[in-house]
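Input: a single structure, listed below in structure tokens.
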Amino acid sequence: MAESNKIPLVSVFIMGKEYKVPSGLTLMKAMEYAGYRYTRGAGCRAGFCGACATIYRLKNDYKLKSALACQTTVDEGMYLVQLPFTPANKKKYDMEKLNIAHNALLKEYPEIARCISCNSCTKVCPQELKVMDYVQASLRGDIEKAATLSFDCVQCGLCAFRCPAEITQYHVGQLARRLNGKFVAPKAAHTEEAVAKVLSGVIKEEISKLKAMNLAEIKEIYKKRSIE
Amino acid sequence: MEYPYYPGCTLKTTGKKDEEAALEVAKLLGFELKELPTWTCCGVVYNLTSDVMADHLSATRTLIRAQEMGRELNTNKLVTLCSMCYNVLKQVNLMYKNNPDKLYNVNLFMDTEEDYLGNIEIIHFLEVLYRDIGPEKIKEKVKTPLKNLKVDPYYGCMLLRPKSIAFDSQDSPHVMGDILSALGAKVIENPMTVECCGAHQIITNKEAVLDCVQRIVTISQSKGADVIVTPCPLCQYNLTTAQKSLFEKGKINQKIPVIYLSELLRISLTENNENYLKDYMFIKDKLEDRGGL
Amino acid sequence: MKLIKGYPESMRESIEKVEKTREKRLKAQYKQMSLEERDDVLNKYHPDYKPEVKRTLSVGPSKGEIVPFEVADLIESYPRISEKDIDLSNIDYDVDLLIIGGGGAGTMAGIWATYEGIDPEDILMTTKLRHGDSNSIMAQGGIQAADKPNDSPEIHYLDVIGGGHFANEPDLVEALVSDGPGVIKWFEEKGVMFDKQKDGTMITMHGGGTSRKRMHSAKDYTGMELLRVIRDEFINLSIPAVEFSPAIELLMDDKGQVAGAVLFNIETHQYYVVRAKSTVMATGGFGRLHIQGFPTTNHYGATADGLAMAYRCGARLRDMDSVQYHPTGAAFPEQIVGLLITEKVRGLGAQPLNKEGEMFVHPLEPRDVESAAFIKECYGAGGGVETPTGMQGIWLDSPMINMIKGEGVTERELSAMYRMFKRFDINMVEDPILVFPTLHYQNGGIVIDANGATEVKGLFAGGEVTGGVHGKNRLMGNSLLDYSVFGRRAGISAARHAKKASVGKLTLAHVTKYSEQLKKAGVPESRKSPMILPEYRGKNVLSRAIDIF
Ligand SMILES: Cc1cc2nc3c(=O)[nH]c(=O)nc-3n(C[C@H](O)[C@H](O)[C@H](O)COP(=O)(O)OP(=O)(O)OC[C@H]3O[C@@H](n4cnc5c(N)ncnc54)[C@H](O)[C@@H]3O)c2cc1C
Ligand code: SF4
Ligand code: SF4
Ligand code: FES
């Protein structure tokens with residue numbers, strides 16, 4: 001924790017209430033410094049889980065901004081609130097029964113046809129993804145594009161909050177990626193072969209030889225193993 | 001000549017082949033359609049009754065994309081292959097031209113995009129063929145004349161309505177007929193040519209769709225047409241699928257093929273068109289029957 | 001403080017030196033250490049090799065084992081509840097299978113128990129935060145599996161054993177490496193977007209201590225991609241999950257079996273009683289114990305609750321004396337200190353350098369060796385780069401990546417890293433990034449067999465909470481594989497057990513008994529576990545907090 005007597009303080013308004021916190025903290029650490037103990041709103045603390053979705057405004061700026069609280073530094077005069085939960089229905093589907101026809105995504109999430117291209121989702125995305133573009137790609141059945149454009153999504157839910165068409169973009173992206181991984185991307189033949197090799201039992205034999213060795217023997221083999 | 005090109009959803013899904021053919025036809029005629037690097041849905045319907053800005057955002061965004069690409073290609077045109085997209089984009093565009101304050105407001109709202117200046121001109125593929133290339137030039141490029149093929153040019157309701165966006169006569173359009181004649185085909189006149197095929201009612205009122213289609217195809221057949229040609233991929237799809245139902249229900253006793261304009265053009269503008277004819281055996285048959293090939 | 005593209009003047013001077021030596025280094029290779037040299041640097045500099053930071057456990061099934069103070073304090077702690085607080089006659093959830101922990105291992109266990117024929121309605125997963133808030137979602141670099149033509153599970157076996165300093169449990173290693181190819185295939189079928197070549201061949205890389213390139217990745221979001229997919233699958237299977245309700249104690253029955261758990265709703269503070277025929281412990285690791293005050297890469301809930309709870313039921317622990325420090329935690333800027341810089345950064349060609357821009361260690365020694373070498377350079381050789389807050393660090397010359405691998409590779413394959421530094425105005429394509437070892441992984445844990453069964457009847461475990469798979473040191477990419485293999489095996493074994501097991505009368509007597517042992521050993525009563533969540537509130541606030549509400 002930063003030493004508050006040396007580091008200049010800034011004012012932040014947590015849900016409208018003013019606190020002075022050391023500059024240079026992340027929003028998450030600033031809230032903790034101010035005395036909040038997280039139960040919701042913090043998961044990985046490193047920008048990977050999307051638990052800490054936060055929206056804020058700066059003084060004299062009409063823009064509504066967004067951030068991951070664990071990955072953003074506090075700024076003087078920030079007004080912030082966390083939105084750690086998004087009510088959103090995830091469709092349940094059996095991957096084995098799906099296909100990649102042009103309406104595959106539309107069938108599970110028909111509401112994507114309601115997208116009015118307002119771009120609010122793209123503007124709010126803390127990962128700076130082209131959310132509108134992946135929704136539009138989903139709409140026209142371009143699964144690969146929807147999958148790649150949405151790949152870095154941490155499923156924070158902010159886009160779904162902002163969407164006037166009430167789409168839950170990140171669930172659509174999730175399905176697009178799974179369809180892409182399963183049906184669009186080429187299969188790895190060598191993995192298939194390696195599995196067959198294990199099933200054949202030869203591996204078990206080789207490993208039991210290693211398991212039978214004493215410490216000195218196995219150390220020797222380890223040292224001599226070739227590195228490719 | 002390079003044109004910024006807006007595909008729209010249909011051309012990427014049920015109309016994939018139509019797009020492929022159009023891109024090739026363009027090459028054969030010496031121009032190129034360059035797809036906008038990113039684009040959104042056209043907006044699907046131009047909402048006449050509501051004046052909500054949100055309904056026009058999608059189209060406006062496309063206009064801005066066209067403006068950006070137009071700067072590179074040094075043109076203010078944007079080409080569509082789909083009559084629906086054409087209709088929506090052109091109407092939204094026109095609205096801005098007539099109401100500068102609406103343009104001002106939408107630019108204010110889309111503050112992360114460059115301003116739309118209102119200068120884009122939306123044109124349909126058919127217009128490019130007719131205006132920029134011309135029937136004469138097309139005629140010169142014909143490799144397989146469609147001699148004896150009786151074609152019924154069907155415009156549908158999106159291309160020439162309302163009057164403010166029409167580029168041909170609403171009562172007796174001739175643009176498509178002229179082009180088809182240039183290919184050597186026999187053009188038939190069908191009074192239903194600008195009537196609605198019903199596509200937009202497909203969810204709410206299937207029966208109404210079937211009625212529309214029945215009227216169109218019955219007249220077409222009674223006039224002896226071999227094929228209906230359309231510049232609208234939605235009509236193409238709807239006319240084809242609705243005929244299946246009509247046939248199953250016994251409401252028509254014969255189905256007439258419906259083809260998107262670019263596919264027919266490609267057949268006619270290429271020499272080795274066996275591959276393209278494969279999907280349209282009826283054309284081949286007709287041509288051969290009457291000694292056309 | 002004035003920053004030039006994210007760095008203060010003082011650090012910029014050192015960056016200039018890095019730039020000067022880059023040309024020459026692009027062609028140079030630093031040699032790997034011999035086993036003797038490795039031992040030497042480990043003994044002198046690895047934080048784990050200092051005897052004064054550990055003590056012997058004085059009670060319980062692993063009495064006599066040496067563990068870090070922080071772990072000993074957690075294990076030798078009084079439970080948060082006592083028998084009289086909890087009404088066991090009122091059962092809130094009566095299930096075949098209870099899964100504790102919503103990370104990779106727990107999710108796999110649920111899926112595979114369902115495949116094994118348990119009705120999803122008879123399963124309950126409970127997790128501390130949200131389903132997926134875990135170490136699993138944070139993994140970046142990749143997952144190992146021997147599925148390439150020049151590789152084979154027995155080669156993988158050797159790497160695992162050698163990396164673990166030959167202390168691993170052979171049966172567990174065998175299971176780990178043999179299941180590897182099958183795991184990758186299963187993930188592929190479920191729709192994981194692995195990095196692949198056009199023909200479908202997996203793009204695989206080296207990790208520290210590997211003898212073949214067998215690290216499969218999904219950009220530098222490997223853990224996120226795997227977890228997103230299995231969580232999606234888990235939800236599709238309609239397996240019930242309760243979030244924000246950590247287990248705070250295991251329940252046993254009068255036959256001495258583990259028979260469920262007491263959960264605590266951290267929002268309403270209500271407790272729930274779960275009776276289960278089988279229980280799977282999948283609570284992950286202990287990074288948030290901040291061993292020796294180190295910052296950590298781990299998620300907020302990585303507080304080793306599972307160790308404490310299982311220990312009270314009689315589950316033995318092993319290899320808890322060894323702690324994994326990841327050589328490359330972020331050391332600058334302050335906001336992200338301790339967060340992981342994936343090993344893939346070195347895998348793709350970035351060299352570690354001292355403040356003069358010189359190489360001093362091979363980039364891909366095993367993690368403990370690499371960490372020790374960094375600490376030696378900073379605190380033994382005076383070669384560390386100092387940050388404005390007085391921290392020492394080592395440069396990772398990230399601009400080399402695009403120079404070697406081509407334009408855009410960093411941005412594409414390390415998009416999480418690139419984005420993280422960009423958020424703090426540092427462009428890792430142009431400038432090097434500063435790192436220092438960070439607390440990363442719990443090498444040891446609960447003793448299990450190759451089926452994921454613990455030594456206590458009714459209790460199964462998989463993932464980071466267990467010990468033996470990785471011996472004294474885990475290699476990168478083997479713990480995603482670990483949770484996939486043993487989460488699955490634990491789920492299947494637990495399902496089979498549940499089909500024939502019957503639960504007797506529920507009891508917390510084991511907790512009472514354990515408390516008595518602690519009292520006898522003189523453990524101060526203020527010490528309580530499980531920890532559930534670490535305390536990070538400001539000191540000012542805590543010193544004036546009153547509990548009246
Ligand atoms: C930053 C980072 C990067 C990594 N990179 C890699 C890599 O590239 N390759 C690799 O192989 N490994 C990597 N690892 C290690 C690997 O991710 C983990 O070891 C592995 O995912 C652990 O899986 P798990 O399911 O056992 O535990 P976790 O995924 O941590 O899941 C444990 C779950 O249990 C929950 N829990 C904890 N206590 C309780 C309780 N009392 N009651 C209920 N629930 C509870 C937690 O909240 C969490 O949801 C990395 C780890 C980190 C932190
Ligand atoms: S796409 Fe939506 S859910 Fe995903 S990171 Fe962006 S805002 Fe969050
Ligand atoms: S916020 Fe909703 S309506 Fe607006 S562009 Fe995004 S998906 Fe479309
Ligand atoms: S806490 Fe996980 S992204 Fe911020």
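To be explicit about the labels: the chains of the structure tokens are called A, B, and onward in the order shown, and within each one the residues are counted from 1, while ligands get numbers from 1 in the order they are shown.
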
(message) I need the chain A residues near chain C as number ranges by chain; criterion: at most 6 Å, counting only C-alpha atoms.
(response) A: 25-26, 32-33, 35, 43-44, 48, 92-93, 178, 181-182, 186-188, 190-191, 194-195, 207, 227-228

(request) Determine which residues of chain B sit within 10 Å of chain A, taking into account only C-alpha atoms, and present them as a list of chain:residue names. (result)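 Here they are: B:Gly8, B:Cys9, B:Thr10, B:Leu11, B:Lys12, B:Thr13, B:Thr14, B:Thr38, B:Trp39, B:Thr40, B:Cys41, B:Cys42, B:Gly43, B:Val44, B:Met53, B:Ala54, B:Asp55, B:His56, B:Leu57, B:Ser58, B:Ala59, B:Thr60, B:Arg61, B:Thr62, B:Phe109, B:Met110, B:Thr112.
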
(request) Produce as a PyMOL selection string the set of residues near ligand 4, where near means within 8 Å with only C-alpha atoms and all ligand atoms considered. (result) (chain A and resi 41-53+68-71+154+156) or (chain C and resi 133+299-300)

Requested write-out: C-alpha atoms of the selected residues, as a PDB file, in the first residue's frame:
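Printed below is part.pdb as written:
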ATOM      1  CA  GLY A  41     -16.540  -6.669  -8.106  1.00  0.00           C
ATOM      2  CA  ALA A  42     -13.125  -8.302  -7.774  1.00  0.00           C
ATOM      3  CA  GLY A  43     -11.965 -11.607  -9.167  1.00  0.00           C
ATOM      4  CA  CYS A  44      -8.568 -11.943 -10.770  1.00  0.00           C
ATOM      5  CA  ARG A  45      -7.355  -8.419  -9.964  1.00  0.00           C
ATOM      6  CA  ALA A  46      -5.365  -8.558 -13.191  1.00  0.00           C
ATOM      7  CA  GLY A  47      -7.616  -7.792 -16.146  1.00  0.00           C
ATOM      8  CA  PHE A  48      -8.690 -11.321 -17.065  1.00  0.00           C
ATOM      9  CA  CYS A  49     -12.013 -12.085 -15.428  1.00  0.00           C
ATOM     10  CA  GLY A  50     -14.231  -9.056 -16.031  1.00  0.00           C
ATOM     11  CA  ALA A  51     -15.562  -8.967 -12.455  1.00  0.00           C
ATOM     12  CA  CYS A  52     -14.633  -5.349 -11.886  1.00  0.00           C
ATOM     13  CA  ALA A  53     -16.545  -3.512 -14.613  1.00  0.00           C
ATOM     14  CA  LEU A  68     -11.729  -2.451 -15.398  1.00  0.00           C
ATOM     15  CA  ALA A  69     -11.180  -1.262 -11.835  1.00  0.00           C
ATOM     16  CA  CYS A  70      -8.113  -3.451 -11.416  1.00  0.00           C
ATOM     17  CA  GLN A  71      -6.441  -2.037 -14.523  1.00  0.00           C
ATOM     18  CA  VAL A 154     -13.445 -10.779 -20.614  1.00  0.00           C
ATOM     19  CA  CYS A 156     -17.541  -7.990 -18.130  1.00  0.00           C
TER      20      CYS A 156
ATOM     21  CA  ASP C 133     -13.066 -16.181 -10.873  1.00  0.00           C
ATOM     22  CA  HIS C 299      -6.694 -14.274  -8.065  1.00  0.00           C
ATOM     23  CA  TYR C 300      -8.413 -12.635  -5.102  1.00  0.00           C
TER      24      TYR C 300
END

(request) Report as JSON, numbers by chain which protein, DNA and RNA residues come within 6 Å of ligand 2, using only C-alpha atoms and all ligand atoms. (result) {"A": [124, 125, 126, 127, 129, 131, 153, 154, 155, 156, 157, 158, 159, 170]}

(request) Please measure the separation of CA of Lys17 in chain C and CA of Glu356 in chain C, giving the value in Å to one decimal. (result) 5.8 Å

(request) Report the residues of range 106-271 of chain B whose backbone DSSP state falls under strand (DSSP E), written as a PyMOL selection string. (result) chain B and resi 121-124+150-153+186-187+227-230+258-260

(request) Going by DSSP on the backbone, which bits of range 17-205 of chain B are alpha helix (DSSP H)? Write them as a PyMOL selection string, please. (result) chain B and resi 17-28+54-73+83-98+100-109+125-127+135-141+175-182

Need the shell around range 78-87 of chain C: protein/DNA/RNA residues with any atom at most 7 Å away, counting only C-alpha atoms. Skip same-chain ones fewer than 2 positions apart. Format as a CSV table (one decimal) with N, CA, C and O atoms, in the first residue's frame?
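File written: around-v4.csv
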chain,number,residue,atom,x,y,z
C,76,GLU,N,-2.5,-24.3,11.3
C,76,GLU,CA,-2.6,-24.4,12.7
C,76,GLU,C,-3.5,-23.2,13.2
C,76,GLU,O,-3.1,-22.3,13.9
C,89,SER,N,-29.2,-30.7,11.5
C,89,SER,CA,-30.4,-31.5,11.2
C,89,SER,C,-31.2,-30.9,10.0
C,89,SER,O,-32.1,-31.5,9.4
C,90,ASN,N,-30.9,-29.6,9.7
C,90,ASN,CA,-31.6,-28.9,8.7
C,90,ASN,C,-30.8,-28.8,7.4
C,90,ASN,O,-29.8,-28.0,7.4
C,508,LEU,N,-19.7,-32.5,13.0
C,508,LEU,CA,-18.5,-31.6,13.0
C,508,LEU,C,-17.5,-31.9,14.1
C,508,LEU,O,-16.7,-31.1,14.5
C,509,ALA,N,-17.7,-33.1,14.6
C,509,ALA,CA,-16.8,-33.6,15.7
C,509,ALA,C,-15.3,-33.4,15.4
C,509,ALA,O,-14.5,-33.1,16.2
C,511,VAL,N,-13.9,-31.2,13.8
C,511,VAL,CA,-13.4,-29.9,14.0
C,511,VAL,C,-13.2,-29.6,15.5
C,511,VAL,O,-12.2,-29.0,15.8
C,512,THR,N,-14.1,-30.1,16.3
C,512,THR,CA,-13.9,-29.9,17.7
C,512,THR,C,-12.6,-30.6,18.2
C,512,THR,O,-11.8,-30.0,18.9
C,515,SER,N,-9.6,-28.6,17.2
C,515,SER,CA,-9.4,-27.4,18.0
C,515,SER,C,-8.7,-27.8,19.3
C,515,SER,O,-7.9,-27.1,19.8
C,525,GLU,N,-5.6,-18.5,20.3
C,525,GLU,CA,-7.0,-18.7,19.8
C,525,GLU,C,-7.5,-17.6,18.8
C,525,GLU,O,-8.5,-17.8,18.1
C,527,ARG,N,-6.1,-17.0,16.1
C,527,ARG,CA,-5.8,-17.5,14.7
C,527,ARG,C,-7.0,-18.3,14.2
C,527,ARG,O,-7.4,-19.3,14.7
C,528,LYS,N,-7.6,-17.8,13.0
C,528,LYS,CA,-8.7,-18.5,12.5
C,528,LYS,C,-8.5,-18.8,11.0
C,528,LYS,O,-7.9,-18.0,10.3
C,529,SER,N,-9.0,-19.9,10.5
C,529,SER,CA,-9.1,-20.2,9.1
C,529,SER,C,-10.3,-21.0,8.8
C,529,SER,O,-10.9,-21.5,9.7

Residues at most 8 Å from Glu144 in chain A, counting only C-alpha atoms, excluding those fewer than 6 positions away in the same chain, as a JSON list (two decimals) with N, CA, C and O atoms, in the first residue's frame?
[["chain", "number", "residue", "atom", "x", "y", "z"],
["A", 176, "ALA", "N", -20.04, -17.90, -30.93],
["A", 176, "ALA", "CA", -19.31, -17.77, -32.20],
["A", 176, "ALA", "C", -17.93, -18.41, -32.08],
["A", 176, "ALA", "O", -17.49, -19.15, -32.97],
["A", 177, "ARG", "N", -17.27, -18.18, -30.97],
["A", 177, "ARG", "CA", -15.93, -18.75, -30.81],
["A", 177, "ARG", "C", -15.97, -20.26, -30.73],
["A", 177, "ARG", "O", -15.13, -20.95, -31.30],
["A", 180, "ASN", "N", -16.58, -21.61, -34.08],
["A", 180, "ASN", "CA", -15.39, -21.45, -34.89],
["A", 180, "ASN", "C", -14.35, -22.51, -34.53],
["A", 180, "ASN", "O", -13.78, -23.17, -35.40],
["A", 184, "VAL", "N", -15.14, -24.49, -37.78],
["A", 184, "VAL", "CA", -14.49, -23.72, -38.84],
["A", 184, "VAL", "C", -12.99, -24.00, -38.89],
["A", 184, "VAL", "O", -12.44, -24.28, -39.95]]

(request) Identify which of the residues A:Ala160, A:Ala216, A:Ile203, A:Leu175 lies closest to ligand 3, counting only C-alpha atoms and all ligand atoms when measuring atom-to-atom distances. (result)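 Result for the nearest residue to ligand 3: A:Ala160.
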
(request) Considering only C-alpha atoms, state which residue in the set C:Val409, C:Leu74, C:Ala330, C:Leu480 is at the smallest distance from Leu348 in chain C. (result)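 That would be C:Val409, the residue with the smallest distance to Leu348 in chain C.
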
(request) Excluding range 271-286 of chain B and any residue of its chain fewer than 6 positions from it, enumerate the residues within 7 Å of it, using only C-alpha atoms, and give them as JSON, numbers by chain. (result) {"B": [143, 144, 149]}

(message) Under the rule that only C-alpha atoms and all ligand atoms are counted, which of A:Leu83, A:Ile167, A:Val21, A:Ile14 is the nearest residue to ligand 3?
(response) A:Ile167

(request) Would you work out the distance separating CA of Gln82 in chain A from CA of Ile55 in chain A, expressed in Å to one decimal? (result)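 Between CA of Gln82 in chain A and CA of Ile55 in chain A the gap works out to 6.3 Å.
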